$ cat start.cif   # mmCIF, C-alpha atoms and all ligand atoms
data_coords
#
loop_
_atom_site.label_atom_id
_atom_site.label_comp_id
_atom_site.auth_asym_id
_atom_site.auth_seq_id
_atom_site.Cartn_x
_atom_site.Cartn_y
_atom_site.Cartn_z
CA MET A 1 60.13 -16.56 -58.87
CA ALA A 2 60.91 -14.68 -55.67
CA ASN A 3 61.81 -17.73 -53.58
CA THR A 4 62.97 -20.47 -55.92
CA PRO A 5 66.66 -21.12 -56.55
CA VAL A 6 67.35 -21.56 -60.27
CA THR A 7 69.74 -23.51 -62.41
CA ALA A 8 71.76 -20.88 -64.19
CA ASP A 9 75.25 -20.43 -65.62
CA LEU A 10 76.67 -17.66 -63.45
CA GLY A 11 80.31 -18.39 -64.20
CA PRO A 12 82.55 -18.71 -61.12
CA ALA A 13 79.77 -17.62 -58.70
CA THR A 14 78.97 -20.46 -56.31
CA ALA A 15 76.61 -19.09 -53.66
CA LEU A 16 75.14 -16.06 -51.96
CA VAL A 17 76.56 -15.14 -48.57
CA CYS A 18 75.14 -12.76 -45.96
CA ARG A 19 77.38 -9.77 -45.31
CA GLU A 20 76.16 -9.63 -41.70
CA CYS A 21 75.89 -13.19 -40.34
CA GLY A 22 77.77 -15.16 -43.01
CA ALA A 23 74.84 -17.52 -43.75
CA THR A 24 75.00 -18.93 -47.26
CA ARG A 25 72.33 -19.94 -49.71
CA ASP A 26 72.07 -21.15 -53.29
CA LEU A 27 72.39 -18.70 -56.14
CA GLY A 28 69.08 -17.24 -57.25
CA PRO A 29 67.12 -13.99 -57.35
CA PHE A 30 67.70 -13.25 -53.66
CA TYR A 31 69.15 -10.17 -52.02
CA VAL A 32 68.24 -10.34 -48.34
CA CYS A 33 69.37 -12.95 -45.77
CA ASP A 34 66.58 -15.22 -44.46
CA GLU A 35 68.29 -15.42 -41.06
CA CYS A 36 69.00 -11.76 -40.24
CA PHE A 37 67.72 -9.59 -43.15
CA GLY A 38 71.33 -8.58 -43.90
CA PRO A 39 72.35 -7.92 -47.53
CA LEU A 40 73.61 -10.85 -49.59
CA GLU A 41 76.69 -10.83 -51.79
CA ILE A 42 78.23 -13.28 -54.23
CA SER A 43 80.89 -15.79 -53.25
CA TYR A 44 83.05 -17.55 -55.83
CA ASP A 45 85.32 -20.38 -56.74
CA PHE A 46 87.74 -18.66 -59.10
CA GLY A 47 89.98 -21.57 -59.96
CA GLY A 48 93.21 -20.31 -61.50
CA VAL A 49 92.59 -17.02 -63.33
CA THR A 50 95.85 -15.69 -64.81
CA ARG A 51 96.93 -12.31 -66.13
CA ALA A 52 97.25 -13.92 -69.57
CA ASP A 53 93.62 -15.15 -69.44
CA ILE A 54 92.48 -11.60 -68.75
CA GLU A 55 94.81 -9.86 -71.21
CA SER A 56 93.69 -12.12 -74.06
CA GLY A 57 90.02 -11.30 -73.43
CA PRO A 58 87.76 -8.66 -75.04
CA ARG A 59 88.68 -4.99 -74.73
CA ASN A 60 85.83 -4.32 -72.30
CA ILE A 61 84.72 -5.57 -68.86
CA TRP A 62 84.15 -9.09 -70.20
CA ARG A 63 87.91 -9.64 -70.05
CA TYR A 64 87.17 -10.12 -66.31
CA ARG A 65 84.23 -12.47 -66.87
CA GLY A 66 86.11 -15.20 -64.97
CA LEU A 67 85.77 -12.98 -61.87
CA LEU A 68 82.11 -12.01 -62.34
CA PRO A 69 78.69 -13.72 -61.81
CA VAL A 70 78.01 -13.99 -65.55
CA PRO A 71 77.92 -16.86 -68.07
CA SER A 72 81.24 -17.73 -69.70
CA ASP A 73 79.82 -16.82 -73.15
CA VAL A 74 78.60 -13.41 -71.91
CA ALA A 75 80.62 -11.48 -74.49
CA SER A 76 78.61 -12.99 -77.35
CA THR A 77 75.22 -11.74 -76.10
CA PRO A 78 74.06 -8.15 -76.85
CA ASN A 79 74.94 -5.84 -73.96
CA THR A 80 76.57 -2.44 -73.74
CA GLU A 81 80.21 -3.60 -73.55
CA PRO A 82 81.47 -0.94 -71.11
CA GLY A 83 84.90 -0.73 -69.55
CA LEU A 84 88.59 -0.23 -70.32
CA THR A 85 88.09 3.49 -69.87
CA ARG A 86 91.14 5.76 -69.75
CA LEU A 87 93.44 5.96 -66.76
CA VAL A 88 94.68 9.52 -67.25
CA ARG A 89 98.06 10.53 -65.85
CA ALA A 90 97.11 13.82 -64.16
CA ASP A 91 100.42 15.68 -63.73
CA ASN A 92 98.88 19.15 -64.04
CA LEU A 93 96.22 18.49 -61.42
CA ALA A 94 98.85 16.85 -59.22
CA GLU A 95 101.00 19.95 -59.43
CA ALA A 96 98.05 22.23 -58.68
CA LEU A 97 97.29 20.25 -55.52
CA GLY A 98 100.86 19.48 -54.44
CA LEU A 99 100.73 15.76 -55.17
CA GLN A 100 103.55 13.76 -56.73
CA LYS A 101 101.76 11.06 -58.74
CA LEU A 102 98.09 11.21 -59.60
CA TRP A 103 95.82 9.36 -62.01
CA VAL A 104 92.19 9.97 -62.97
CA LYS A 105 90.17 6.88 -63.86
CA ASP A 106 87.83 8.55 -66.33
CA ASP A 107 84.64 6.51 -66.46
CA SER A 108 82.81 9.18 -68.46
CA GLY A 109 84.07 7.16 -71.45
CA ASN A 110 81.52 4.39 -70.99
CA PRO A 111 78.60 3.92 -73.44
CA THR A 112 76.15 6.12 -71.50
CA HIS A 113 78.92 8.20 -69.96
CA SER A 114 79.09 6.94 -66.39
CA PHE A 115 80.39 3.96 -64.41
CA LYS A 116 76.82 2.67 -64.16
CA ASP A 117 77.21 0.88 -67.50
CA ARG A 118 79.53 -1.54 -65.70
CA VAL A 119 77.02 -2.54 -63.02
CA VAL A 120 74.13 -2.69 -65.45
CA ALA A 121 76.01 -4.90 -67.93
CA VAL A 122 76.64 -7.45 -65.16
CA ALA A 123 73.10 -7.12 -63.79
CA LEU A 124 71.60 -7.62 -67.25
CA ALA A 125 73.65 -10.74 -67.93
CA ALA A 126 72.71 -12.23 -64.55
CA ALA A 127 69.05 -11.16 -64.78
CA ARG A 128 68.73 -12.97 -68.12
CA GLU A 129 70.20 -16.13 -66.61
CA LEU A 130 67.85 -15.87 -63.64
CA GLY A 131 64.85 -15.69 -65.96
CA PHE A 132 63.75 -12.05 -65.48
CA LYS A 133 61.92 -10.39 -68.37
CA VAL A 134 62.12 -6.65 -67.58
CA LEU A 135 65.18 -4.59 -66.61
CA ALA A 136 64.21 -1.97 -64.04
CA CYS A 137 65.72 0.48 -61.53
CA PRO A 138 65.22 3.40 -59.21
CA SER A 139 67.95 5.90 -60.09
CA THR A 140 69.61 9.22 -59.28
CA GLY A 141 70.10 9.63 -63.05
CA ASN A 142 73.08 7.76 -64.39
CA LEU A 143 71.68 4.32 -63.68
CA ALA A 144 68.53 5.36 -65.57
CA ASN A 145 70.63 6.10 -68.66
CA ALA A 146 72.49 2.80 -68.36
CA VAL A 147 69.43 0.58 -67.79
CA ALA A 148 67.39 2.15 -70.60
CA ALA A 149 70.30 1.82 -73.04
CA ALA A 150 71.25 -1.75 -72.10
CA ALA A 151 67.66 -2.98 -72.24
CA SER A 152 67.08 -1.47 -75.67
CA ARG A 153 70.25 -3.08 -77.02
CA ALA A 154 69.28 -6.41 -75.44
CA GLY A 155 65.80 -6.17 -76.93
CA ILE A 156 63.96 -6.31 -73.60
CA ARG A 157 61.65 -3.91 -71.82
CA SER A 158 63.02 -1.38 -69.33
CA ALA A 159 61.19 0.32 -66.46
CA VAL A 160 63.03 3.23 -64.91
CA PHE A 161 61.99 5.40 -61.94
CA VAL A 162 63.71 8.68 -61.03
CA PRO A 163 63.04 11.74 -58.83
CA SER A 164 61.17 14.33 -60.92
CA ASN A 165 63.66 17.11 -60.04
CA LEU A 166 66.59 15.44 -61.84
CA GLU A 167 68.91 17.33 -64.21
CA SER A 168 67.14 17.83 -67.57
CA GLN A 169 70.13 16.25 -69.37
CA LYS A 170 69.59 13.00 -67.47
CA ILE A 171 65.85 13.02 -68.20
CA ILE A 172 66.40 13.51 -71.94
CA THR A 173 69.26 11.00 -72.19
CA THR A 174 67.11 8.36 -70.53
CA ALA A 175 63.92 9.04 -72.48
CA VAL A 176 65.70 8.79 -75.82
CA TYR A 177 66.24 5.03 -75.46
CA GLY A 178 62.53 4.27 -75.20
CA GLY A 179 61.14 1.95 -72.53
CA THR A 180 58.93 2.83 -69.59
CA PHE A 181 60.33 5.91 -67.86
CA VAL A 182 58.60 7.33 -64.78
CA THR A 183 59.44 10.51 -62.91
CA VAL A 184 58.33 10.43 -59.27
CA ASP A 185 57.55 13.37 -57.02
CA GLY A 186 59.93 12.47 -54.22
CA ASN A 187 63.64 12.13 -53.48
CA TYR A 188 65.77 9.10 -54.38
CA ASP A 189 65.07 7.35 -51.09
CA ASP A 190 61.31 7.63 -51.80
CA VAL A 191 61.84 6.25 -55.31
CA ASN A 192 63.94 3.39 -53.96
CA ARG A 193 61.21 2.47 -51.47
CA LEU A 194 58.64 2.46 -54.25
CA ALA A 195 60.90 0.23 -56.37
CA SER A 196 61.18 -2.32 -53.53
CA GLU A 197 57.39 -2.41 -53.29
CA ILE A 198 56.96 -2.89 -57.04
CA ALA A 199 59.67 -5.60 -57.02
CA GLY A 200 57.60 -7.45 -54.42
CA GLU A 201 54.65 -7.53 -56.83
CA GLN A 202 56.26 -7.89 -60.27
CA ASP A 203 57.94 -11.29 -60.23
CA ASP A 204 59.69 -10.99 -63.56
CA TRP A 205 61.06 -7.44 -63.12
CA ALA A 206 64.78 -7.30 -62.31
CA PHE A 207 65.33 -4.08 -60.37
CA VAL A 208 69.06 -4.07 -60.93
CA ASN A 209 69.95 -2.31 -57.67
CA VAL A 210 67.17 -3.86 -55.56
CA ASN A 211 66.26 -7.51 -56.15
CA VAL A 212 69.30 -8.24 -58.38
CA ARG A 213 71.62 -6.11 -56.26
CA PRO A 214 74.18 -8.83 -55.35
CA TYR A 215 74.94 -9.39 -59.07
CA TYR A 216 74.69 -5.72 -60.05
CA ALA A 217 77.12 -4.59 -57.34
CA GLU A 218 79.84 -6.91 -58.63
CA GLY A 219 80.10 -4.81 -61.81
CA SER A 220 81.91 -2.09 -59.85
CA LYS A 221 84.73 -4.56 -59.17
CA THR A 222 85.81 -4.06 -62.77
CA LEU A 223 86.91 -0.51 -61.89
CA GLY A 224 89.36 -1.99 -59.39
CA TYR A 225 90.58 -4.68 -61.81
CA GLU A 226 91.12 -2.12 -64.59
CA ILE A 227 93.04 0.29 -62.39
CA ALA A 228 95.39 -2.51 -61.30
CA GLU A 229 95.83 -3.82 -64.85
CA GLN A 230 96.37 -0.33 -66.30
CA LEU A 231 99.03 0.37 -63.66
CA GLY A 232 100.88 -2.73 -64.89
CA TRP A 233 99.28 -5.18 -62.43
CA ARG A 234 99.90 -3.02 -59.40
CA LEU A 235 97.64 -1.46 -56.75
CA PRO A 236 97.86 2.30 -56.13
CA ASP A 237 98.80 3.53 -52.63
CA GLN A 238 95.61 5.56 -52.27
CA ILE A 239 92.27 5.87 -54.04
CA VAL A 240 89.47 8.44 -53.69
CA VAL A 241 85.96 7.22 -54.61
CA PRO A 242 82.63 9.10 -54.65
CA ILE A 243 79.87 7.67 -52.45
CA ALA A 244 76.13 7.47 -53.09
CA SER A 245 75.02 4.03 -51.85
CA GLY A 246 78.70 3.27 -51.19
CA SER A 247 78.66 0.17 -53.37
CA GLN A 248 81.27 1.35 -55.85
CA LEU A 249 83.74 2.01 -53.05
CA THR A 250 83.26 -1.32 -51.28
CA LYS A 251 83.49 -3.26 -54.56
CA ILE A 252 86.72 -1.57 -55.63
CA ASP A 253 88.11 -2.75 -52.31
CA LYS A 254 86.69 -6.25 -52.95
CA ALA A 255 88.40 -6.25 -56.37
CA PHE A 256 91.77 -5.30 -54.86
CA GLN A 257 91.40 -8.05 -52.22
CA GLU A 258 90.55 -10.64 -54.88
CA LEU A 259 93.54 -9.65 -57.04
CA ILE A 260 95.81 -10.07 -54.02
CA LYS A 261 94.32 -13.47 -53.13
CA LEU A 262 94.63 -14.66 -56.73
CA GLY A 263 98.29 -13.57 -56.80
CA LEU A 264 97.58 -11.22 -59.74
CA VAL A 265 99.06 -8.24 -57.85
CA GLU A 266 101.57 -7.92 -55.04
CA ASP A 267 100.05 -7.90 -51.54
CA ARG A 268 100.73 -4.38 -50.29
CA PRO A 269 98.75 -1.88 -48.21
CA TYR A 270 96.47 0.65 -49.90
CA LYS A 271 94.14 3.27 -48.45
CA VAL A 272 90.55 3.87 -49.57
CA PHE A 273 89.06 7.36 -49.18
CA GLY A 274 85.40 8.26 -49.71
CA ALA A 275 83.96 11.52 -51.09
CA GLN A 276 80.55 13.05 -50.36
CA ALA A 277 78.80 16.38 -50.86
CA ALA A 278 78.20 18.24 -47.59
CA GLY A 279 74.49 18.42 -48.50
CA CYS A 280 74.31 14.62 -48.41
CA SER A 281 77.09 13.33 -46.20
CA PRO A 282 75.69 10.67 -43.85
CA VAL A 283 78.73 8.41 -44.26
CA SER A 284 81.24 11.20 -43.76
CA ALA A 285 79.33 12.33 -40.65
CA ALA A 286 79.39 8.82 -39.16
CA PHE A 287 83.09 8.43 -39.99
CA LYS A 288 84.01 11.71 -38.33
CA ALA A 289 81.87 10.97 -35.26
CA GLY A 290 83.36 7.47 -34.91
CA HIS A 291 79.92 5.87 -35.28
CA ASP A 292 79.21 2.47 -36.85
CA VAL A 293 75.61 3.35 -37.68
CA ILE A 294 74.64 5.75 -40.47
CA ARG A 295 71.97 8.31 -39.60
CA PRO A 296 69.87 8.96 -42.77
CA VAL A 297 69.66 12.56 -44.05
CA LYS A 298 67.43 14.51 -46.46
CA PRO A 299 69.76 15.42 -49.35
CA ASP A 300 70.23 19.00 -50.49
CA THR A 301 73.12 19.31 -52.95
CA ILE A 302 73.85 19.98 -56.63
CA ALA A 303 75.55 16.56 -56.71
CA LYS A 304 72.25 14.81 -57.42
CA SER A 305 73.85 11.58 -58.63
CA LEU A 306 75.26 11.14 -55.11
CA ALA A 307 72.07 12.24 -53.32
CA ILE A 308 71.21 9.07 -51.43
CA GLY A 309 70.29 9.97 -47.88
CA ASN A 310 70.11 6.39 -46.62
CA PRO A 311 73.05 4.59 -48.27
CA ALA A 312 72.72 0.80 -48.30
CA ASP A 313 76.47 0.18 -48.18
CA GLY A 314 77.26 2.97 -45.70
CA PRO A 315 78.40 0.76 -42.80
CA TYR A 316 80.61 -1.30 -45.13
CA VAL A 317 82.20 1.89 -46.48
CA LEU A 318 83.10 2.81 -42.89
CA ASP A 319 84.67 -0.64 -42.44
CA VAL A 320 86.78 -0.30 -45.61
CA ALA A 321 87.98 3.23 -44.79
CA ARG A 322 88.88 2.24 -41.23
CA ARG A 323 90.50 -1.07 -42.15
CA THR A 324 92.70 0.45 -44.85
CA GLY A 325 93.62 3.63 -42.95
CA GLY A 326 91.61 5.88 -45.30
CA ALA A 327 88.96 8.48 -44.42
CA ILE A 328 85.65 9.93 -45.59
CA GLU A 329 85.38 13.67 -46.28
CA ASP A 330 82.68 16.00 -47.60
CA VAL A 331 82.76 19.25 -49.57
CA THR A 332 80.40 22.18 -50.18
CA ASP A 333 78.56 22.76 -53.46
CA GLU A 334 80.87 25.73 -54.19
CA GLN A 335 83.87 23.43 -53.77
CA VAL A 336 82.17 20.87 -56.06
CA VAL A 337 81.87 23.45 -58.85
CA GLU A 338 85.47 24.52 -58.30
CA GLY A 339 86.51 20.84 -58.42
CA ILE A 340 84.78 20.37 -61.79
CA ARG A 341 86.54 23.45 -63.19
CA LEU A 342 89.93 22.48 -61.77
CA LEU A 343 89.80 19.02 -63.38
CA ALA A 344 88.68 20.48 -66.70
CA ARG A 345 91.29 23.26 -66.70
CA THR A 346 94.21 21.10 -65.66
CA GLU A 347 93.53 17.81 -67.47
CA GLY A 348 90.88 18.50 -70.11
CA VAL A 349 88.52 16.09 -68.35
CA PHE A 350 84.97 17.40 -67.85
CA GLY A 351 83.46 15.49 -64.97
CA GLU A 352 79.92 15.65 -63.70
CA THR A 353 79.12 16.87 -60.20
CA ALA A 354 80.22 13.52 -58.72
CA GLY A 355 83.66 14.08 -60.29
CA GLY A 356 83.69 17.57 -58.80
CA VAL A 357 82.92 16.08 -55.38
CA THR A 358 85.86 13.70 -55.79
CA VAL A 359 88.38 16.32 -56.95
CA ALA A 360 87.32 18.76 -54.21
CA THR A 361 87.54 16.00 -51.62
CA LEU A 362 91.01 15.08 -52.86
CA ARG A 363 92.04 18.71 -52.38
CA LYS A 364 90.58 18.82 -48.87
CA LEU A 365 92.22 15.52 -47.88
CA VAL A 366 95.63 16.74 -49.09
CA GLU A 367 95.27 20.14 -47.43
CA GLY A 368 94.12 18.52 -44.19
CA GLY A 369 97.01 16.07 -44.17
CA ALA A 370 94.84 12.93 -44.29
CA LEU A 371 96.18 11.91 -47.68
CA ASP A 372 99.91 11.49 -48.30
CA PRO A 373 100.93 13.80 -51.20
CA SER A 374 103.99 11.70 -52.00
CA ALA A 375 102.04 8.44 -52.43
CA GLU A 376 100.62 7.31 -55.78
CA THR A 377 96.94 8.29 -55.89
CA VAL A 378 94.00 7.39 -58.14
CA ILE A 379 90.70 9.29 -58.18
CA ILE A 380 87.52 8.22 -59.96
CA ASN A 381 85.68 10.50 -62.37
CA SER A 382 82.49 8.47 -62.48
CA GLY A 383 80.38 10.51 -64.92
CA ASP A 384 80.37 13.05 -67.74
CA GLY A 385 80.06 16.82 -67.20
CA LEU A 386 77.67 17.09 -70.15
CA LYS A 387 75.05 15.49 -67.90
CA THR A 388 75.20 18.24 -65.28
CA LEU A 389 75.75 21.42 -67.29
CA ASP A 390 73.65 23.55 -64.96
CA ALA A 391 76.23 23.11 -62.21
CA VAL A 392 78.88 25.08 -64.10
CA ALA A 393 76.78 27.18 -66.50
CA PRO A 394 76.64 30.19 -64.13
CA VAL A 395 80.43 30.36 -63.70
CA VAL A 396 81.81 29.83 -67.23
CA ALA A 397 81.51 31.95 -70.38
CA PRO A 398 83.35 32.66 -73.66
CA SER A 399 86.31 35.07 -73.42
CA ALA A 400 84.56 37.53 -75.74
CA ASN A 401 81.81 37.87 -78.36
CA ILE A 402 83.10 39.62 -81.48
CA ALA A 403 82.12 40.49 -85.06
CA PRO A 404 83.73 38.25 -87.73
CA SER A 405 86.53 40.69 -88.56
CA LEU A 406 90.21 41.03 -87.76
CA GLU A 407 89.56 44.54 -86.42
CA ALA A 408 87.07 43.21 -83.91
CA PHE A 409 89.55 40.51 -82.83
CA ARG A 410 92.31 43.11 -82.40
CA ALA A 411 89.98 45.44 -80.53
CA ALA A 412 89.04 42.71 -78.09
CA GLY A 413 92.68 42.47 -76.98
CA LEU A 414 92.82 38.67 -77.13
CA ALA A 415 96.17 38.16 -78.88
C1 LIG A 501 78.32 9.54 -61.30
C2 LIG A 501 78.17 8.69 -60.09
N1 LIG A 501 79.24 8.49 -59.33
C3 LIG A 501 79.20 7.75 -58.22
C4 LIG A 501 78.02 7.16 -57.78
C5 LIG A 501 78.05 6.38 -56.52
O1 LIG A 501 77.71 5.05 -56.66
P1 LIG A 501 77.41 4.10 -55.43
O2 LIG A 501 75.92 4.12 -55.26
O3 LIG A 501 77.92 2.78 -55.91
O4 LIG A 501 78.13 4.63 -54.24
C6 LIG A 501 76.86 7.33 -58.54
C7 LIG A 501 75.61 6.72 -58.13
O5 LIG A 501 74.57 6.92 -58.69
C8 LIG A 501 76.94 8.11 -59.73
O6 LIG A 501 75.88 8.31 -60.51
ZN ZN A 502 72.37 -12.92 -42.30
#

$ encode --input "start.cif" --output "structure tokens"
Amino acid sequence: MANTPVTADLGPATALVCRECGATRDLGPFYVCDECFGPLEISYDFGGVTRADIESGPRNIWRYRGLLPVPSDVASTPNTEPGLTRLVRADNLAEALGLQKLWVKDDSGNPTHSFKDRVVAVALAAARELGFKVLACPSTGNLANAVAAAASRAGIRSAVFVPSNLESQKIITTAVYGGTFVTVDGNYDDVNRLASEIAGEQDDWAFVNVNVRPYYAEGSKTLGYEIAEQLGWRLPDQIVVPIASGSQLTKIDKAFQELIKLGLVEDRPYKVFGAQAAGCSPVSAAFKAGHDVIRPVKPDTIAKSLAIGNPADGPYVLDVARRTGGAIEDVTDEQVVEGIRLLARTEGVFGETAGGVTVATLRKLVEGGALDPSAETVIINSGDGLKTLDAVAPVVAPSANIAPSLEAFRAAGLA
């Protein structure tokens, strides 16, 4: 299968195009350019998609199926139906940080509680069309949950590979769905390398973020579409996005660009900011040094979902931040924990460590003057705090432990 183009219904997708040299090739299970080994991405002929087309669609990401590489009847095939998560008006957090207008796009509301359900839903639909039989991935945790769940609902086999030192919550919430689930003694970059090798041998395995990556990555565009639609078909002035491979950030930018080109939103400037943990900040380091090349690092941070030391989309993240006038910043693990608590205390939203990275980065960007506090800002909470309980367990506790009596309550001085 590895080298044959296929006849498939992939909606408005027309070709694959190299992000480096611009060479194009037919749609198929390809992810690397034959000319220069650059990564491939999808190009489209959208025709005339209107707001009304989208608004009359399903209340999940398939309302944007006309903008995705999926069959037009995708909504009628079993999948996890993620999307249309809350855009939370965050006035309390805004006040705490000195911002005027802030929103949290809370993607913990997806079926397996992270934004990865979006990318997997698109990857699954495309992988089926391309004739793959097994849904597979290397993962830092959330993708493992999403792949195992989607495959079980679709009635196909999954094969998931993760670093063995992952959070126990992510191990349990992946194992529960069944499927083949392998922990590997190595970091994510080791697991990713192993996945590429297996993909080279197993022709009918769709590694969603390796050999089906061009299709998979497009799922993150739906975050950008939803934010614009939920703001009343408007782009925010600024957005802060967590970075692991960097794909989510570059695809939100791609979504905004597409909406502008399609005339679905007004063409106005917006700035894209990236967030990393200091213990895994290769993109932030390159941004600050003014480099175009990312120097890989060995991750050491509690933000394990973002612990990719050699991020595939790193150089493209730099391009987006520089082109839009944004920036990339990184924060310490202590600041990550404080970010999780701040979001929870001010808005009742319990984010995972990636959300803590984003909130703490927002704070640092405001305090450092890189981000305009008077401009409308959106931040992404990409996963659920219940998946990374250990990060906050040492710093939170009940107010008191009392006997079940009014006297004990009075004595505790809680009134
Ligand atoms: C919760 C969470 N947020 C953000 C990301 C970053 O995604 P990307 O690899 O697209 O940069 C990940 C990646 O695993 C994640 O799990
Ligand atoms: Zn190329």

$ closest_atom_pairs --input "start.cif" --of "chain A" --to "ligand ZN 502 (chain A)" --cutoff "7 Å" --atoms "all atoms listed in the file" --output "CSV"
residue,atom,partner,partner_atom,distance
A:Cys18,CA,A:ZN502,ZN,4.6
A:Arg19,CA,A:ZN502,ZN,6.6
A:Glu20,CA,A:ZN502,ZN,5.1
A:Cys21,CA,A:ZN502,ZN,4.0
A:Gly22,CA,A:ZN502,ZN,5.9
A:Ala23,CA,A:ZN502,ZN,5.4
A:Cys33,CA,A:ZN502,ZN,4.6
A:Asp34,CA,A:ZN502,ZN,6.6
A:Glu35,CA,A:ZN502,ZN,4.9
A:Cys36,CA,A:ZN502,ZN,4.1
A:Phe37,CA,A:ZN502,ZN,5.8
A:Gly38,CA,A:ZN502,ZN,4.7

$ write_last_selection --input "start.cif" --atoms "C-alpha atoms" --output "PDB file, in the coordinates of the input"
ATOM      1  CA  CYS A  18      75.140 -12.760 -45.960  1.00  0.00           C
ATOM      2  CA  ARG A  19      77.380  -9.770 -45.310  1.00  0.00           C
ATOM      3  CA  GLU A  20      76.160  -9.630 -41.700  1.00  0.00           C
ATOM      4  CA  CYS A  21      75.890 -13.190 -40.340  1.00  0.00           C
ATOM      5  CA  GLY A  22      77.770 -15.160 -43.010  1.00  0.00           C
ATOM      6  CA  ALA A  23      74.840 -17.520 -43.750  1.00  0.00           C
ATOM      7  CA  CYS A  33      69.370 -12.950 -45.770  1.00  0.00           C
ATOM      8  CA  ASP A  34      66.580 -15.220 -44.460  1.00  0.00           C
ATOM      9  CA  GLU A  35      68.290 -15.420 -41.060  1.00  0.00           C
ATOM     10  CA  CYS A  36      69.000 -11.760 -40.240  1.00  0.00           C
ATOM     11  CA  PHE A  37      67.720  -9.590 -43.150  1.00  0.00           C
ATOM     12  CA  GLY A  38      71.330  -8.580 -43.900  1.00  0.00           C
TER      13      GLY A  38
END

$ residues_around --input "start.cif" --residues "Pro138 (chain A)" --least-positions-apart "4" --cutoff "10 Å" --atoms "all atoms listed in the file" --output "number ranges by chain"
A: 143-144, 147, 159-163, 182-184, 188-196, 207-210

$ write_last_selection --input "start.cif" --atoms "C-alpha atoms" --output "PDB file, keeping the file's coordinate frame"
ATOM      1  CA  LEU A 143      71.680   4.320 -63.680  1.00  0.00           C
ATOM      2  CA  ALA A 144      68.530   5.360 -65.570  1.00  0.00           C
ATOM      3  CA  VAL A 147      69.430   0.580 -67.790  1.00  0.00           C
ATOM      4  CA  ALA A 159      61.190   0.320 -66.460  1.00  0.00           C
ATOM      5  CA  VAL A 160      63.030   3.230 -64.910  1.00  0.00           C
ATOM      6  CA  PHE A 161      61.990   5.400 -61.940  1.00  0.00           C
ATOM      7  CA  VAL A 162      63.710   8.680 -61.030  1.00  0.00           C
ATOM      8  CA  PRO A 163      63.040  11.740 -58.830  1.00  0.00           C
ATOM      9  CA  VAL A 182      58.600   7.330 -64.780  1.00  0.00           C
ATOM     10  CA  THR A 183      59.440  10.510 -62.910  1.00  0.00           C
ATOM     11  CA  VAL A 184      58.330  10.430 -59.270  1.00  0.00           C
ATOM     12  CA  TYR A 188      65.770   9.100 -54.380  1.00  0.00           C
ATOM     13  CA  ASP A 189      65.070   7.350 -51.090  1.00  0.00           C
ATOM     14  CA  ASP A 190      61.310   7.630 -51.800  1.00  0.00           C
ATOM     15  CA  VAL A 191      61.840   6.250 -55.310  1.00  0.00           C
ATOM     16  CA  ASN A 192      63.940   3.390 -53.960  1.00  0.00           C
ATOM     17  CA  ARG A 193      61.210   2.470 -51.470  1.00  0.00           C
ATOM     18  CA  LEU A 194      58.640   2.460 -54.250  1.00  0.00           C
ATOM     19  CA  ALA A 195      60.900   0.230 -56.370  1.00  0.00           C
ATOM     20  CA  SER A 196      61.180  -2.320 -53.530  1.00  0.00           C
ATOM     21  CA  PHE A 207      65.330  -4.080 -60.370  1.00  0.00           C
ATOM     22  CA  VAL A 208      69.060  -4.070 -60.930  1.00  0.00           C
ATOM     23  CA  ASN A 209      69.950  -2.310 -57.670  1.00  0.00           C
ATOM     24  CA  VAL A 210      67.170  -3.860 -55.560  1.00  0.00           C
TER      25      VAL A 210
END

$ atom_distance --input "start.cif" --atom1 "CA of Ala277 (chain A)" --atom2 "CA of Ser382 (chain A)"
14.5 Å

$ residues_near_ligand --input "start.cif" --ligand "ligand LIG 501 (chain A)" --cutoff "8 Å" --atoms "only C-alpha atoms and all ligand atoms" --output "CSV table (one decimal) with C-alpha atoms, keeping the file's coordinate frame"
chain,number,residue,atom,x,y,z
A,114,SER,CA,79.1,6.9,-66.4
A,115,PHE,CA,80.4,4.0,-64.4
A,116,LYS,CA,76.8,2.7,-64.2
A,139,SER,CA,68.0,5.9,-60.1
A,140,THR,CA,69.6,9.2,-59.3
A,141,GLY,CA,70.1,9.6,-63.0
A,142,ASN,CA,73.1,7.8,-64.4
A,143,LEU,CA,71.7,4.3,-63.7
A,217,ALA,CA,77.1,-4.6,-57.3
A,220,SER,CA,81.9,-2.1,-59.8
A,241,VAL,CA,86.0,7.2,-54.6
A,242,PRO,CA,82.6,9.1,-54.6
A,243,ILE,CA,79.9,7.7,-52.4
A,244,ALA,CA,76.1,7.5,-53.1
A,245,SER,CA,75.0,4.0,-51.8
A,246,GLY,CA,78.7,3.3,-51.2
A,247,SER,CA,78.7,0.2,-53.4
A,248,GLN,CA,81.3,1.4,-55.8
A,249,LEU,CA,83.7,2.0,-53.0
A,305,SER,CA,73.8,11.6,-58.6
A,306,LEU,CA,75.3,11.1,-55.1
A,307,ALA,CA,72.1,12.2,-53.3
A,308,ILE,CA,71.2,9.1,-51.4
A,311,PRO,CA,73.0,4.6,-48.3
A,313,ASP,CA,76.5,0.2,-48.2
A,352,GLU,CA,79.9,15.6,-63.7
A,353,THR,CA,79.1,16.9,-60.2
A,354,ALA,CA,80.2,13.5,-58.7
A,355,GLY,CA,83.7,14.1,-60.3
A,381,ASN,CA,85.7,10.5,-62.4
A,382,SER,CA,82.5,8.5,-62.5
A,383,GLY,CA,80.4,10.5,-64.9
A,384,ASP,CA,80.4,13.0,-67.7

$ closest_residue --input "start.cif" --among "A:Val396, A:Ile156, A:Val176, A:Leu343" --to "Phe132 (chain A)" --atoms "all atoms listed in the file"
A:Ile156
